[in-house]
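I have placed the structure first, in the form of structure tokens, so that the comments after it can refer back to it.
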Amino acid sequence: MKPIRLPEPPASPRAMGGVPDIFEGGVHGVIRRAVIIGNGFPASENQSIGLVQALGLSDKHTLYVKEGLENQNFAYGKWWLYVLVIYFEVDVKSIVRMARETFEKDGPLLVIASGRDTISITGSIKRLASDNVFVVQIQHPRSRLDRFDLVITPKHDYYPLTPQGKEQVPHFLHKWITPHEPPDKHVVLTVGALHQVDFAALRTAAITWHEEFAPLPKPLLVVNIGGPTRYCRYGADLVKQLTASLHNVLASCGSVRISFSRRTPEKHSKIVVKELGMDPKVHIWNGEEPNPHMGHLAWADAFVITADSVSMLSEACSTGKPVYVVGAERCTWKFTDFHKALGQRGMTKPFTGLEDMSESWSYPPLNDTAIAATRVNEALAEKGWKIKA
């Protein structure tokens, strides 16, 4: 891939007698560009992009840079902002060189990544350009947290340090289970995963999907079905239990929308289609674009979600609407801590099939991404830096 070269920013308005706002605190301390290190997994990249948006650096415009694709730029408001999603074809040295060579003119570079397979890249960038970058690693890197300026991770990643976690691990294996130390001051703990769903995104989605969802009979129940994972194992029996429970609540539903994830086994989706596909109240998304996910989040009156997906649950809980969970009792290890946290906050309840969907409840929406963005700004302030959006 060609070395990354940022385009020249617009001409300075100094000639017009004014002083750019960006120079109020000195350009060397103002961040107005970000690089996202992507690993190719949407769930991970969604967290990084969500944080960039919450920091005001992208206004939902994200530029993907892959092998053979020419670099581009975009404008946001008065100032030019650069957001690149970089894949592993990129040479770490090119990012380091960009950070160093453009520091005097463009200020520090914000680097954000999510997932264990990005750790070596972000760690190297921080080591080679420590004076020119601020590195945020999302999800716990397990060791050597000092390689990053800030680590953002769910609280349940520290489950191995809890009494319950220690009881589940034989003593001779303790040294192999990470993390070993409690979080320090440069670790930001969240309840769930970061994402791009906030009030503005929901409002936009409500407008975009108004024509399709506004006429639907209420209440609208949205069902998101994932797939079994290492710590949430389940099979066709749970899917059959889910379809039976959905049959039971159909009488109190106006409409039901069902979506599958990339991880949903085909045999599970076939069960759902066979049992519910012919009901006039039920619509099952066929996987074709456009993806109605944001419309579902905006227009749903309640959600039913399988317990395996931290991302889907985090997004749904950011709406403040009722979230019913299927299969949480089958989850193990740190996932039990995650579901416990959601339940204690009044965000989720088990889905039994006995619910009256016309009844509702609410709670303060999960706000992890905004809180994480605040902590990033605070950490930058400690270095004498700030983000200029």
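Each chain in the structure tokens gets a letter, A, B and so on, in the order shown; residues start at 1 in every chain, and ligands are counted from 1 in the order they appear.
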
Next on the checklist: Show me, as a list of chain:residue names, the residues that have an atom within 12 Å of Gly123 (chain A) when counting only C-alpha atoms, minus same-chain residues fewer than 5 positions from it.
Outcome noted: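 Once the adjacent positions are removed, what remains is A:Ile37, A:Val92, A:Val96, A:Val111, A:Ile112, A:Ala113, A:Arg116, A:Asp117, A:Thr118, A:Leu128, A:Ala129, A:Ser130, A:Val133, A:Phe134, A:Val135, A:Val136, A:Gln137, A:Pro141, A:Ser143, A:Arg144, A:Leu145, A:Asp146, A:Arg147, A:Phe148, A:Asp149, A:Leu150, A:Val151.
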
Checklist entry - Out of region 50-247 of chain A, which residues get strand (DSSP E) from DSSP, as an MDAnalysis selection string? => result chainID A and resid 63:65 74:76 79:86 109:114 133:138 150:154 187:190 220:225

Show me, as a tab-separated table, the residues of region 213-253 of chain A having an atom within 10 Å of region 345-360 of chain A, each with the closest atom pair and its distance in Å, using only C-alpha atoms.
residue	atom	partner	partner_atom	distance
A:Lys218	CA	A:Ser358	CA	8.3
A:Pro219	CA	A:Ser358	CA	6.3
A:Leu220	CA	A:Met357	CA	8.7
A:Leu221	CA	A:Met357	CA	7.8
A:Gln241	CA	A:Gly353	CA	9.1
A:Leu242	CA	A:Gly353	CA	8.1
A:Thr243	CA	A:Gly353	CA	9.2
A:Ala244	CA	A:Gly353	CA	7.5
A:Ser245	CA	A:Gly353	CA	3.9
A:Leu246	CA	A:Gly353	CA	6.2
A:His247	CA	A:Gly353	CA	7.8
A:Asn248	CA	A:Gly353	CA	5.5
A:Val249	CA	A:Gly353	CA	5.9
A:Leu250	CA	A:Met357	CA	8.5
A:Ala251	CA	A:Asp356	CA	8.6
A:Ser252	CA	A:Met357	CA	5.3
A:Cys253	CA	A:Met357	CA	5.9

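Across the structure, CA of Ala201 (chain A) and CA of Trp385 (chain A) are spaced 28.0 Å apart.
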
Checklist entry - Which residue gives the smallest distance to Gly50 (chain A) among A:Asp106, A:Glu167, A:Asp198, A:Glu211, with only C-alpha atoms counted? => result A:Asp198

Item to check | Distance query Asn132 (chain A) at most 12 Å, only C-alpha atoms, self and fewer than 6 positions along chain excluded, as a list in words | outcome: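 Everything that qualifies: His28, Gly29, Val30, Ile31, Ile95, Val96, Arg97, Met98, Ala99, Arg100, Glu101, Thr102, Phe103, Glu104, Lys105, Asp106, Gly107, Pro108, Leu109, Leu110, Val111, Ile125, Lys126, Asp149, Lys383 and Trp385 of chain A.
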
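Residues in contact with Cys317 (chain A) at 10 Å, where only C-alpha atoms are counted and same-chain residues fewer than 4 positions away are skipped, are listed as Gly192, Leu297, Phe303, Ser311, Met312, Leu313, Lys321, Pro322, Val323, Leu342, Gly346, Met347, Thr348, Ser362, Tyr363, Pro364, Pro365, Leu366 and Asn367 of chain A.
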
Any chance you can output those residues with N, CA and C atoms as a PDB file, in the first residue's frame?
ATOM      1  N   GLY A 192     -20.723  -2.196  28.920  1.00  0.00           N
ATOM      2  CA  GLY A 192     -20.774  -3.026  27.720  1.00  0.00           C
ATOM      3  C   GLY A 192     -19.807  -2.545  26.665  1.00  0.00           C
ATOM      4  N   LEU A 297     -33.712  -0.119  16.074  1.00  0.00           N
ATOM      5  CA  LEU A 297     -33.367   0.509  17.349  1.00  0.00           C
ATOM      6  C   LEU A 297     -34.210   1.753  17.600  1.00  0.00           C
ATOM      7  N   PHE A 303     -37.294  -5.097  22.916  1.00  0.00           N
ATOM      8  CA  PHE A 303     -36.360  -5.988  22.233  1.00  0.00           C
ATOM      9  C   PHE A 303     -36.328  -7.346  22.912  1.00  0.00           C
ATOM     10  N   SER A 311     -22.406  -6.641  21.978  1.00  0.00           N
ATOM     11  CA  SER A 311     -22.650  -5.474  21.131  1.00  0.00           C
ATOM     12  C   SER A 311     -24.135  -5.206  20.945  1.00  0.00           C
ATOM     13  N   MET A 312     -24.901  -6.232  20.566  1.00  0.00           N
ATOM     14  CA  MET A 312     -26.328  -6.031  20.336  1.00  0.00           C
ATOM     15  C   MET A 312     -27.033  -5.586  21.606  1.00  0.00           C
ATOM     16  N   LEU A 313     -26.666  -6.170  22.724  1.00  0.00           N
ATOM     17  CA  LEU A 313     -27.294  -5.805  23.994  1.00  0.00           C
ATOM     18  C   LEU A 313     -26.911  -4.381  24.404  1.00  0.00           C
ATOM     19  N   LYS A 321     -35.194   1.463  26.289  1.00  0.00           N
ATOM     20  CA  LYS A 321     -36.414   0.667  26.112  1.00  0.00           C
ATOM     21  C   LYS A 321     -36.247  -0.725  26.717  1.00  0.00           C
ATOM     22  N   PRO A 322     -37.352  -1.440  26.980  1.00  0.00           N
ATOM     23  CA  PRO A 322     -37.263  -2.781  27.558  1.00  0.00           C
ATOM     24  C   PRO A 322     -36.442  -3.736  26.703  1.00  0.00           C
ATOM     25  N   VAL A 323     -35.542  -4.461  27.335  1.00  0.00           N
ATOM     26  CA  VAL A 323     -34.722  -5.454  26.647  1.00  0.00           C
ATOM     27  C   VAL A 323     -34.887  -6.787  27.371  1.00  0.00           C
ATOM     28  N   LEU A 342     -26.261  -5.666  33.735  1.00  0.00           N
ATOM     29  CA  LEU A 342     -27.410  -5.113  33.015  1.00  0.00           C
ATOM     30  C   LEU A 342     -28.688  -5.287  33.827  1.00  0.00           C
ATOM     31  N   GLY A 346     -31.570  -2.494  35.850  1.00  0.00           N
ATOM     32  CA  GLY A 346     -32.947  -2.462  35.389  1.00  0.00           C
ATOM     33  C   GLY A 346     -33.089  -2.378  33.886  1.00  0.00           C
ATOM     34  N   MET A 347     -32.022  -2.731  33.155  1.00  0.00           N
ATOM     35  CA  MET A 347     -32.050  -2.625  31.696  1.00  0.00           C
ATOM     36  C   MET A 347     -32.604  -3.871  31.029  1.00  0.00           C
ATOM     37  N   THR A 348     -32.395  -5.025  31.630  1.00  0.00           N
ATOM     38  CA  THR A 348     -32.794  -6.281  31.002  1.00  0.00           C
ATOM     39  C   THR A 348     -33.598  -7.143  31.969  1.00  0.00           C
ATOM     40  N   SER A 362     -38.785   1.616  31.730  1.00  0.00           N
ATOM     41  CA  SER A 362     -37.684   2.426  31.214  1.00  0.00           C
ATOM     42  C   SER A 362     -36.572   2.505  32.250  1.00  0.00           C
ATOM     43  N   TYR A 363     -35.442   3.060  31.850  1.00  0.00           N
ATOM     44  CA  TYR A 363     -34.258   3.163  32.701  1.00  0.00           C
ATOM     45  C   TYR A 363     -33.333   4.185  32.068  1.00  0.00           C
ATOM     46  N   PRO A 364     -32.391   4.713  32.812  1.00  0.00           N
ATOM     47  CA  PRO A 364     -31.397   5.607  32.197  1.00  0.00           C
ATOM     48  C   PRO A 364     -30.611   4.841  31.138  1.00  0.00           C
ATOM     49  N   PRO A 365     -30.614   5.299  29.901  1.00  0.00           N
ATOM     50  CA  PRO A 365     -29.926   4.565  28.828  1.00  0.00           C
ATOM     51  C   PRO A 365     -28.445   4.346  29.126  1.00  0.00           C
ATOM     52  N   LEU A 366     -27.954   3.221  28.679  1.00  0.00           N
ATOM     53  CA  LEU A 366     -26.531   2.930  28.800  1.00  0.00           C
ATOM     54  C   LEU A 366     -25.764   3.944  27.957  1.00  0.00           C
ATOM     55  N   ASN A 367     -24.751   4.555  28.564  1.00  0.00           N
ATOM     56  CA  ASN A 367     -24.098   5.701  27.923  1.00  0.00           C
ATOM     57  C   ASN A 367     -22.581   5.540  27.904  1.00  0.00           C
TER      58      ASN A 367
END

Item to check | For Trp333 (chain A), the nearest of the candidates A:Thr229, A:Ser261, A:Asn377, A:Thr319, counting only C-alpha atoms | outcome: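 For Trp333 (chain A), the nearest of the given residues is A:Thr229.
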
Item to check | Shell of 12 Å around Glu378 (chain A), only C-alpha atoms, local chain residues under 3 positions omitted, as a ChimeraX atom specification | outcome: /A:55,149-150,185-186,188,371-375,381-387
